[in-house]
Amino acid sequence: MPELPEVEVTRRSFAEPITGAVIRQFQMGKPLRWPLGCSPAKLVGKQITSVRRRGKYLLIDLNQGLLLVHLGMSGSLRFAPQLGPLQTHDHMDMVTSQGTLRLHDPRRFGAVVYVPSEASPTVQKLLGHLGVEPLDDGFDPLDFYRALQTKKTAIKQVLLHGDLVVGVGNIYASEALFRAGIRPTLAAQKISKSRAQRLHQSIRDVLHHAVERGGSTLNDFTNAHGEQGQFQIEAMVYDRQGLPCRICKNKIKKMVQGQRATYYCSVCQKN
DNA sequence: AGGGTGACCTGTCGGC
DNA sequence: TGCCGACAGGTCACCC
């Protein structure tokens, strides 16, 4: 469910209303990817000072320490003044003075981790290797080209890997490569400077556009108010195998790279 | 060191 | 209808 746009849409939907709130109760359900890292009781009384994002992680800053939240493959957050009884797959419930934040995550690939400070080794382990933020000014086309020159791997895999640029998941990797006219299997180091610059722009465009449209609803994405996004309506290639390309009418193809599905148009996307 | 694979967990869908 | 395998938006640990 969540790539960068979905995580950012989620962040925007609850960052303001939760800022300044004091945690009144905190409880975890079944184990997630990693343990919380402290007793839930320790979080009671702490105040939320801001909500940031790094890649696909949400960083909930507290007056002491911070919570790292990852939505994994199937996670979603809700924030509301009042939420009903816990449902199956609700695995974090944080009652605050300004509303309740709840994580719903059927597959439990997500995580909620408390760290005492951003200098903690856990932060280094989880965030230390992450590449540049694609929507920030620090994402520079020439730097991007130079970095691609060092990678022999297929460009699709490089985008997914996250050490070069963060936040591009399986949907938006296919979409960005379609927009750039680049075949997903092409070795990253074979991409020319001008094509790398076009890909750089495509990544920014596709992610920016998806954030503006409220994220993908491929299955069931909702923001923290339970509202759906509408990106999937406009997907050019993702999950469209056998359907006509929206540009050239050739059939969209599907293949597998690194055990993940890749979609592309063999006419519009070239090696 | 970089690159490839398996593992984590649950739900859904298509085929027989 | 029921069972079984394949697959789903992520990413870390481990192998070579």
# chains A, B, ... in the order shown; residues from 1 in each chain; ligands from 1
>>> select_by_dssp(residues="range 29-262 of chain A", states="strand (DSSP E or B)", output="PyMOL selection string")
chain A and resi 47-54+57-62+66-70+76-80+90-96+99-104+111-115+132+154+165+182+187+222+228+244+251+253-257+260-262
>>> write_last_selection(atoms="C-alpha atoms", output="short mmCIF file (atom, residue, chain, number, x, y, z; two decimals), in the first residue's frame")
data_model
loop_
_atom_site.label_atom_id
_atom_site.label_comp_id
_atom_site.auth_asym_id
_atom_site.auth_seq_id
_atom_site.Cartn_x
_atom_site.Cartn_y
_atom_site.Cartn_z
CA GLN A 47 4.07 15.16 24.24
CA ILE A 48 4.05 15.05 20.43
CA THR A 49 5.97 17.99 19.06
CA SER A 50 5.92 17.30 15.29
CA VAL A 51 5.46 14.62 12.64
CA ARG A 52 8.10 14.26 9.94
CA ARG A 53 8.79 11.79 7.14
CA ARG A 54 12.03 10.21 5.95
CA TYR A 57 9.18 6.18 7.62
CA LEU A 58 7.09 8.53 9.72
CA LEU A 59 8.95 10.19 12.57
CA ILE A 60 6.72 11.23 15.44
CA ASP A 61 8.80 13.57 17.55
CA LEU A 62 8.17 13.55 21.27
CA LEU A 66 10.69 9.83 18.97
CA LEU A 67 8.61 7.09 17.43
CA LEU A 68 9.55 5.60 14.06
CA VAL A 69 6.47 4.29 12.27
CA HIS A 70 6.62 2.20 9.10
CA SER A 76 -2.55 2.36 7.47
CA LEU A 77 -3.02 4.93 10.21
CA ARG A 78 -6.23 6.50 11.45
CA PHE A 79 -6.43 9.59 13.62
CA ALA A 80 -9.72 10.85 15.03
CA ASP A 90 -5.18 -3.09 14.85
CA HIS A 91 -1.69 -3.33 16.35
CA MET A 92 -1.02 0.08 17.88
CA ASP A 93 -3.46 2.29 19.72
CA MET A 94 -2.24 5.63 21.02
CA VAL A 95 -4.81 7.68 22.91
CA THR A 96 -3.80 11.32 23.23
CA GLY A 99 -7.42 12.16 19.56
CA THR A 100 -6.48 8.56 18.97
CA LEU A 101 -3.84 7.38 16.49
CA ARG A 102 -4.32 3.76 15.45
CA LEU A 103 -2.26 1.48 13.20
CA HIS A 104 -4.10 -1.16 11.18
CA ALA A 111 6.74 -1.27 12.71
CA VAL A 112 6.47 1.16 15.60
CA VAL A 113 9.80 1.75 17.32
CA TYR A 114 10.66 4.13 20.14
CA VAL A 115 14.16 5.58 20.23
CA VAL A 132 18.11 11.49 -1.04
CA ALA A 154 18.69 -2.99 -13.78
CA VAL A 165 16.80 7.87 -3.94
CA ILE A 182 13.20 3.72 -20.26
CA ALA A 187 21.46 -1.45 -16.61
CA THR A 222 -6.85 5.65 2.93
CA GLN A 228 -9.31 7.22 -0.43
CA PRO A 244 -3.57 -1.14 -24.51
CA LYS A 251 -0.26 -4.24 -25.17
CA LYS A 253 3.71 -6.29 -20.71
CA LYS A 254 4.41 -7.79 -17.32
CA MET A 255 7.65 -9.37 -16.16
CA VAL A 256 9.34 -10.24 -12.87
CA GLN A 257 12.48 -8.57 -11.52
CA ARG A 260 8.53 -8.20 -7.96
CA ALA A 261 6.18 -7.52 -10.86
CA THR A 262 7.29 -4.94 -13.41
#
>>> closest_atom_pairs(of="chain C", to="chain A", cutoff="12 Å", atoms="only C-alpha atoms (C1' of nucleotides)", output="Markdown table")
| residue | atom | partner | partner_atom | distance |
| --- | --- | --- | --- | --- |
| C:DA6 | C1' | A:Gln259 | CA | 12.0 |
| C:DC7 | C1' | A:Ala261 | CA | 9.5 |
| C:DA8 | C1' | A:Met73 | CA | 8.1 |
| C:DG9 | C1' | A:Met1 | CA | 3.5 |
| C:DG10 | C1' | A:Gly72 | CA | 5.3 |
| C:DT11 | C1' | A:Gly72 | CA | 8.6 |
| C:DC12 | C1' | A:Leu126 | CA | 9.1 |
>>> closest_atom_pairs(of="chain A", to="chain B", cutoff="7 Å", atoms="only C-alpha atoms (C1' of nucleotides)", output="Markdown table")
| residue | atom | partner | partner_atom | distance |
| --- | --- | --- | --- | --- |
| A:Pro106 | CA | B:DT10 | C1' | 5.8 |
| A:Arg107 | CA | B:DC9 | C1' | 4.7 |
| A:Arg108 | CA | B:DC9 | C1' | 6.1 |
>>> select_by_dssp(residues="range 40-222 of chain A", states="helix (DSSP H, G or I)", output="ChimeraX atom specification")
/A:40-43,121-127,141-149,155-161,170-180,188-190,193-212
>>> atom_distance(atom1="CA of Gln27 in chain A", atom2="CA of Gln82 in chain A")
15.6 Å
>>> decode(residues="chain C", atoms="C-alpha atoms (C1' of nucleotides)", output="mmCIF file, in the first residue's frame")
data_model
loop_
_atom_site.group_PDB
_atom_site.id
_atom_site.type_symbol
_atom_site.label_atom_id
_atom_site.label_comp_id
_atom_site.auth_asym_id
_atom_site.auth_seq_id
_atom_site.Cartn_x
_atom_site.Cartn_y
_atom_site.Cartn_z
ATOM 1 C "C1'" DT C 1 -18.224 -25.225 -2.550
ATOM 2 C "C1'" DG C 2 -13.520 -26.183 -1.271
ATOM 3 C "C1'" DC C 3 -8.718 -26.584 -1.465
ATOM 4 C "C1'" DC C 4 -4.148 -24.958 -3.034
ATOM 5 C "C1'" DG C 5 -0.893 -22.139 -4.981
ATOM 6 C "C1'" DA C 6 0.421 -17.613 -6.525
ATOM 7 C "C1'" DC C 7 0.658 -13.059 -5.482
ATOM 8 C "C1'" DA C 8 0.244 -8.301 -2.986
ATOM 9 C "C1'" DG C 9 2.241 -1.515 -2.235
ATOM 10 C "C1'" DG C 10 8.598 -3.245 1.905
ATOM 11 C "C1'" DT C 11 13.090 -4.190 3.395
ATOM 12 C "C1'" DC C 12 16.325 -6.532 6.421
ATOM 13 C "C1'" DA C 13 19.585 -10.468 7.143
ATOM 14 C "C1'" DC C 14 22.188 -13.447 4.942
ATOM 15 C "C1'" DC C 15 24.780 -15.732 1.206
ATOM 16 C "C1'" DC C 16 28.207 -15.673 -2.510
#
